[in-house]
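J.: Here you go, this is my_file29.tsv (TSV, C-alpha atoms and all ligand atoms).
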chain	number	residue	atom	x	y	z
A	1	MET	CA	-73.69	74.95	22.28
A	2	GLU	CA	-76.86	76.92	22.90
A	3	GLY	CA	-78.67	73.88	24.19
A	4	ASP	CA	-76.43	73.78	27.26
A	5	GLY	CA	-77.55	77.24	28.31
A	6	PHE	CA	-81.21	76.35	27.88
A	7	PHE	CA	-80.92	73.11	29.84
A	8	SER	CA	-78.93	74.65	32.66
A	9	ARG	CA	-81.55	77.38	32.96
A	10	LEU	CA	-84.29	74.73	32.88
A	11	ARG	CA	-82.48	72.75	35.59
A	12	GLU	CA	-82.22	75.84	37.72
A	13	TRP	CA	-85.92	76.54	37.26
A	14	ILE	CA	-86.82	72.96	38.21
A	15	ASN	CA	-84.49	72.92	41.22
A	16	GLU	CA	-85.87	75.97	42.92
A	17	GLY	CA	-89.19	77.39	43.93
A	18	ALA	CA	-92.31	77.18	41.78
A	19	GLY	CA	-90.64	75.24	38.97
A	20	ARG	CA	-89.93	72.32	41.27
A	21	TRP	CA	-93.51	72.07	42.49
A	22	VAL	CA	-94.94	72.40	39.00
A	23	THR	CA	-92.66	69.58	37.85
A	24	ILE	CA	-93.53	67.31	40.80
A	25	VAL	CA	-97.27	67.89	40.53
A	26	ALA	CA	-97.24	67.37	36.76
A	27	ALA	CA	-95.18	64.18	37.10
A	28	LEU	CA	-97.48	62.80	39.80
A	29	ALA	CA	-100.57	63.60	37.76
A	30	VAL	CA	-99.17	61.85	34.71
A	31	ILE	CA	-98.00	58.79	36.67
A	32	GLY	CA	-101.21	58.58	38.70
A	33	GLY	CA	-103.43	58.96	35.64
A	34	ALA	CA	-101.53	56.36	33.67
A	35	ALA	CA	-101.55	53.91	36.56
A	36	ALA	CA	-105.29	54.38	37.15
A	37	LEU	CA	-106.04	53.83	33.47
A	38	ALA	CA	-103.84	50.75	33.25
A	39	TYR	CA	-105.32	49.30	36.43
A	40	ARG	CA	-108.91	49.93	35.37
A	41	GLY	CA	-108.35	48.60	31.87
A	42	ARG	CA	-106.67	45.43	33.06
A	43	LYS	CA	-109.20	44.77	35.77
A	44	ARG	CA	-112.17	45.03	33.44
A	45	SER	CA	-110.70	42.76	30.78
A	46	GLU	CA	-109.62	40.19	33.38
A	47	VAL	CA	-113.09	40.00	34.87
A	48	GLU	CA	-114.62	39.63	31.40
A	49	ALA	CA	-112.15	36.92	30.45
A	50	VAL	CA	-112.82	35.01	33.64
A	51	LEU	CA	-116.59	35.20	33.26
A	52	GLU	CA	-116.35	34.17	29.63
A	53	HIS	CA	-114.01	31.25	30.05
A	54	GLY	CA	-114.77	29.92	33.53
A	55	ARG	CA	-112.01	27.60	34.60
A	56	ARG	CA	-110.41	24.46	33.26
A	57	VAL	CA	-110.77	21.42	35.45
A	58	LEU	CA	-109.88	17.75	35.21
A	59	PHE	CA	-112.82	15.40	35.44
A	60	VAL	CA	-113.55	11.69	35.60
A	61	CYS	CA	-116.85	10.22	34.40
A	62	THR	CA	-118.18	7.78	36.99
A	63	ASN	CA	-120.60	6.17	34.54
A	64	PRO	CA	-119.22	2.59	34.36
A	65	GLU	CA	-120.20	2.34	30.68
A	66	CYS	CA	-118.30	5.52	29.85
A	67	GLY	CA	-115.32	6.15	32.09
A	68	GLU	CA	-114.23	9.23	30.14
A	69	ARG	CA	-111.37	11.24	31.64
A	70	GLY	CA	-110.11	14.59	30.54
A	71	GLU	CA	-110.26	18.33	30.87
A	72	MET	CA	-113.29	20.57	30.53
A	73	ARG	CA	-114.33	24.16	31.13
A	74	VAL	CA	-116.82	24.83	33.88
A	75	PRO	CA	-118.28	28.08	35.19
A	76	TYR	CA	-117.09	29.35	38.55
A	77	TYR	CA	-119.06	28.04	41.51
A	78	CYS	CA	-120.50	25.14	39.56
A	79	SER	CA	-121.97	22.11	41.28
A	80	TRP	CA	-120.86	18.50	40.85
A	81	PRO	CA	-121.44	16.01	39.37
A	82	ARG	CA	-121.69	17.62	35.93
A	83	ALA	CA	-122.79	16.37	32.53
A	84	CYS	CA	-120.04	14.25	30.98
A	85	PRO	CA	-119.02	15.64	27.56
A	86	LYS	CA	-118.96	12.11	26.12
A	87	CYS	CA	-121.98	10.21	27.50
A	88	LYS	CA	-124.01	13.34	28.49
A	89	GLN	CA	-124.94	11.76	31.84
A	90	LYS	CA	-124.58	13.80	35.01
A	91	THR	CA	-121.76	11.58	36.18
A	92	ALA	CA	-118.62	13.68	35.74
A	93	VAL	CA	-116.81	14.44	39.00
A	94	PRO	CA	-113.65	16.48	39.61
A	95	GLY	CA	-110.38	14.73	39.09
A	96	PHE	CA	-106.65	15.28	39.45
A	97	ARG	CA	-103.63	13.99	37.59
A	98	CYS	CA	-101.64	11.07	39.00
A	99	GLN	CA	-98.17	12.27	39.95
A	100	TRP	CA	-96.70	9.00	38.79
A	101	CYS	CA	-98.44	7.88	35.55
A	102	GLY	CA	-100.28	11.09	34.56
A	103	GLU	CA	-103.73	9.47	34.33
A	104	ILE	CA	-106.66	11.42	35.74
A	105	ILE	CA	-108.04	10.06	39.00
A	106	LYS	CA	-111.35	10.88	40.64
A	107	THR	CA	-110.96	13.39	43.49
A	108	GLN	CA	-111.88	11.75	46.76
A	109	ALA	CA	-112.40	13.12	50.25
A	110	LYS	CA	-109.65	10.91	51.63
A	111	PRO	CA	-106.16	11.80	52.84
A	112	MET	CA	-104.63	8.96	50.81
A	113	VAL	CA	-105.78	8.23	47.26
A	114	ARG	CA	-104.46	5.20	45.40
A	115	CYS	CA	-104.18	5.55	41.62
A	116	PRO	CA	-106.32	2.80	40.04
A	117	HIS	CA	-104.09	2.84	36.96
A	118	CYS	CA	-100.60	2.42	38.41
A	119	GLY	CA	-101.15	1.91	42.14
A	120	TYR	CA	-99.26	5.03	43.22
A	121	VAL	CA	-100.59	6.30	46.56
A	122	HIS	CA	-101.07	10.06	46.78
A	123	ASP	CA	-100.63	11.41	50.28
A	124	PHE	CA	-102.64	14.59	50.85
A	125	THR	CA	-101.96	14.82	54.57
A	126	GLY	CA	-99.34	17.50	53.89
A	127	GLY	CA	-101.74	20.42	54.30
A	128	PRO	CA	-104.02	22.73	52.36
A	129	VAL	CA	-101.44	23.71	49.72
A	130	SER	CA	-101.16	20.22	48.29
A	131	ASN	CA	-104.84	19.43	48.87
A	132	PRO	CA	-106.62	19.19	45.52
A	133	PHE	CA	-110.10	18.75	46.99
A	134	PRO	CA	-112.61	21.46	46.11
A	135	PRO	CA	-114.53	22.96	49.04
A	136	LYS	CA	-117.02	20.47	50.48
A	137	SER	CA	-120.05	22.60	49.68
A	138	ARG	CA	-119.27	22.36	45.99
A	139	PHE	CA	-118.52	18.64	45.89
A	140	ARG	CA	-120.81	15.75	46.52
A	141	GLU	CA	-119.54	12.20	46.71
A	142	GLU	CA	-121.83	10.05	44.59
B	201	ZN	ZN	-119.35	9.80	30.55
B	202	ZN	ZN	-101.12	6.53	38.33
Go through the file and emit its structure as structure tokens.
Ligand SMILES: [Zn+2]
Ligand SMILES: [Zn+2]
T.:
Amino acid sequence: MEGDGFFSRLREWINEGAGRWVTIVAALAVIGGAAALAYRGRKRSEVEAVLEHGRRVLFVCTNPECGERGEMRVPYYCSWPRACPKCKQKTAVPGFRCQWCGEIIKTQAKPMVRCPHCGYVHDFTGGPVSNPFPPKSRFREE
């Protein structure tokens, strides 16, 4: 077949001298350009998405007449307590889900937190990985 001759000549050209460098430089340019475009594109859309959506957090309303628990979206670097979506009072504080019964419990600055719904005691003395507390500057105990 004629194709064989063409490809063997092409291989020879690539394997020696100028052909090799042209191939390498062209390949690097294509790979680098594509990577830069992909990286830029992803980064921009991720930042936009984050700014638009904030983050989802669990909250507990500390208003005794309300007591709403659930999930809500808050902007990054928000301050607590926040307006409760149900009673509209500024009584919503961050919460976390009970490992035993799944109810949402108010986050507390204590190493051991007892679930008021089932009595399960959460031990947060294990270290920062299992610590659900937000940084102190962003959380005020009521
Ligand atoms: Zn409420
Ligand atoms: Zn529980």
J.: Dump the neighbourhood of ligand ZN 202 (chain B) as a list in words: all residues within 10 Å, distances computed on all atoms listed in the file.
T.: Arg97, Cys98, Gln99, Trp100, Cys101, Gly102, Glu103, Ile104, Ile105, Arg114, Cys115, Pro116, His117, Cys118, Gly119, Tyr120, Val121 and His122 of chain A
J.: To one decimal place in Å, what is the distance between CA of Gly54 in chain A and CA of Leu37 in chain A?
T.: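 Separation between CA of Gly54 in chain A and CA of Leu37 in chain A: 25.5 Å.
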J.: With only C-alpha atoms and all ligand atoms counted, collect every polymer residue having an atom within 6 Å of ligand ZN 201 (chain B); state the result as a list in words.
T.: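 The distance check yields Cys61, Asn63, Cys66, Gly67, Glu68, Cys84, Lys86 and Cys87 of chain A.
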J.: Got a sec: who's within 8 Å of Arg55 in chain A, counting only C-alpha atoms, leaving out chain neighbours fewer than 2 positions off, as an mmCIF file with C-alpha atoms, in the coordinates of the input?
T.:
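Result file part34.cif:
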data_model
loop_
_atom_site.group_PDB
_atom_site.id
_atom_site.type_symbol
_atom_site.label_atom_id
_atom_site.label_comp_id
_atom_site.auth_asym_id
_atom_site.auth_seq_id
_atom_site.Cartn_x
_atom_site.Cartn_y
_atom_site.Cartn_z
ATOM 1 C CA VAL A 50 -112.820 35.010 33.640
ATOM 2 C CA HIS A 53 -114.010 31.250 30.050
ATOM 3 C CA VAL A 57 -110.770 21.420 35.450
ATOM 4 C CA ARG A 73 -114.330 24.160 31.130
ATOM 5 C CA VAL A 74 -116.820 24.830 33.880
ATOM 6 C CA PRO A 75 -118.280 28.080 35.190
ATOM 7 C CA TYR A 76 -117.090 29.350 38.550
#
J.: Enter the distance from CA of Lys110 in chain A to CA of Thr125 in chain A, in Å, rounded to one decimal.
T.: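 Atom-to-atom, CA of Lys110 in chain A to CA of Thr125 in chain A, that is 9.1 Å.
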J.: For CA of Met72 in chain A and CA of Arg56 in chain A, determine how far apart the two atoms are, in Å to one decimal place.
T.: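 Computing the Euclidean distance for CA of Met72 in chain A and CA of Arg56 in chain A yields 5.6 Å.
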J.: Excluding Thr62 in chain A and its own-chain neighbours fewer than 5 positions away, which residues fall within 10 Å of it when counting all atoms listed in the file? Please give them as a ChimeraX atom specification.
T.: /A:67-69,81,84,89-93,106,142
J.: So that I can check the surroundings of Gly70 in chain A, please list as a VMD selection string every protein, DNA and RNA residue that reaches within 8 Å of it, counting all atoms listed in the file and ignoring chain neighbours fewer than 4 positions away.
T.: chain A and resid 58 to 60 104
J.: Around all listed atoms of range 108-114 of chain A, padded 5 Å per side, what centre and edge lengths does the axis-aligned box have in Å to one decimal, as AutoDock Vina command-line options?
T.:
--center_x -108.4 --center_y 9.2 --center_z 49.1 --size_x 17.9 --size_y 17.9 --size_z 17.4
J.: Only N, CA and C atoms needed: put range 84-99 of chain A from the block into a file as a short mmCIF file (atom, residue, chain, number, x, y, z; two decimals), in the first residue's frame.
T.:
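Contents of the output file part-v6.cif:
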data_model
loop_
_atom_site.label_atom_id
_atom_site.label_comp_id
_atom_site.auth_asym_id
_atom_site.auth_seq_id
_atom_site.Cartn_x
_atom_site.Cartn_y
_atom_site.Cartn_z
N CYS A 84 -34.17 33.51 60.72
CA CYS A 84 -34.77 32.19 60.53
C CYS A 84 -35.74 32.26 59.35
N PRO A 85 -35.68 31.30 58.43
CA PRO A 85 -36.58 31.36 57.26
C PRO A 85 -38.05 31.20 57.63
N LYS A 86 -38.34 30.69 58.83
CA LYS A 86 -39.74 30.48 59.22
C LYS A 86 -40.29 31.66 60.02
N CYS A 87 -39.64 32.02 61.14
CA CYS A 87 -40.18 33.05 62.00
C CYS A 87 -39.59 34.43 61.71
N LYS A 88 -38.57 34.50 60.84
CA LYS A 88 -37.93 35.75 60.41
C LYS A 88 -37.19 36.47 61.53
N GLN A 89 -37.06 35.84 62.70
CA GLN A 89 -36.27 36.45 63.77
C GLN A 89 -34.80 36.11 63.54
N LYS A 90 -33.93 36.95 64.10
CA LYS A 90 -32.50 36.67 63.96
C LYS A 90 -32.07 35.68 65.03
N THR A 91 -32.60 34.48 64.93
CA THR A 91 -32.35 33.49 65.98
C THR A 91 -31.82 32.17 65.43
N ALA A 92 -31.51 32.12 64.14
CA ALA A 92 -31.02 30.87 63.56
C ALA A 92 -29.51 30.76 63.77
N VAL A 93 -29.09 29.64 64.34
CA VAL A 93 -27.66 29.40 64.59
C VAL A 93 -27.24 28.14 63.83
N PRO A 94 -25.92 27.97 63.60
CA PRO A 94 -25.50 26.79 62.84
C PRO A 94 -25.81 25.50 63.57
N GLY A 95 -26.09 24.49 62.82
CA GLY A 95 -26.39 23.19 63.42
C GLY A 95 -25.63 22.08 62.73
N PHE A 96 -25.76 20.88 63.27
CA PHE A 96 -25.18 19.70 62.61
C PHE A 96 -26.13 18.54 62.83
N ARG A 97 -25.99 17.50 62.03
CA ARG A 97 -26.93 16.40 62.07
C ARG A 97 -26.48 15.35 63.10
N CYS A 98 -27.42 14.92 63.93
CA CYS A 98 -27.13 13.88 64.92
C CYS A 98 -26.74 12.60 64.19
N GLN A 99 -25.61 12.01 64.63
CA GLN A 99 -25.12 10.80 63.98
C GLN A 99 -26.04 9.61 64.27
#
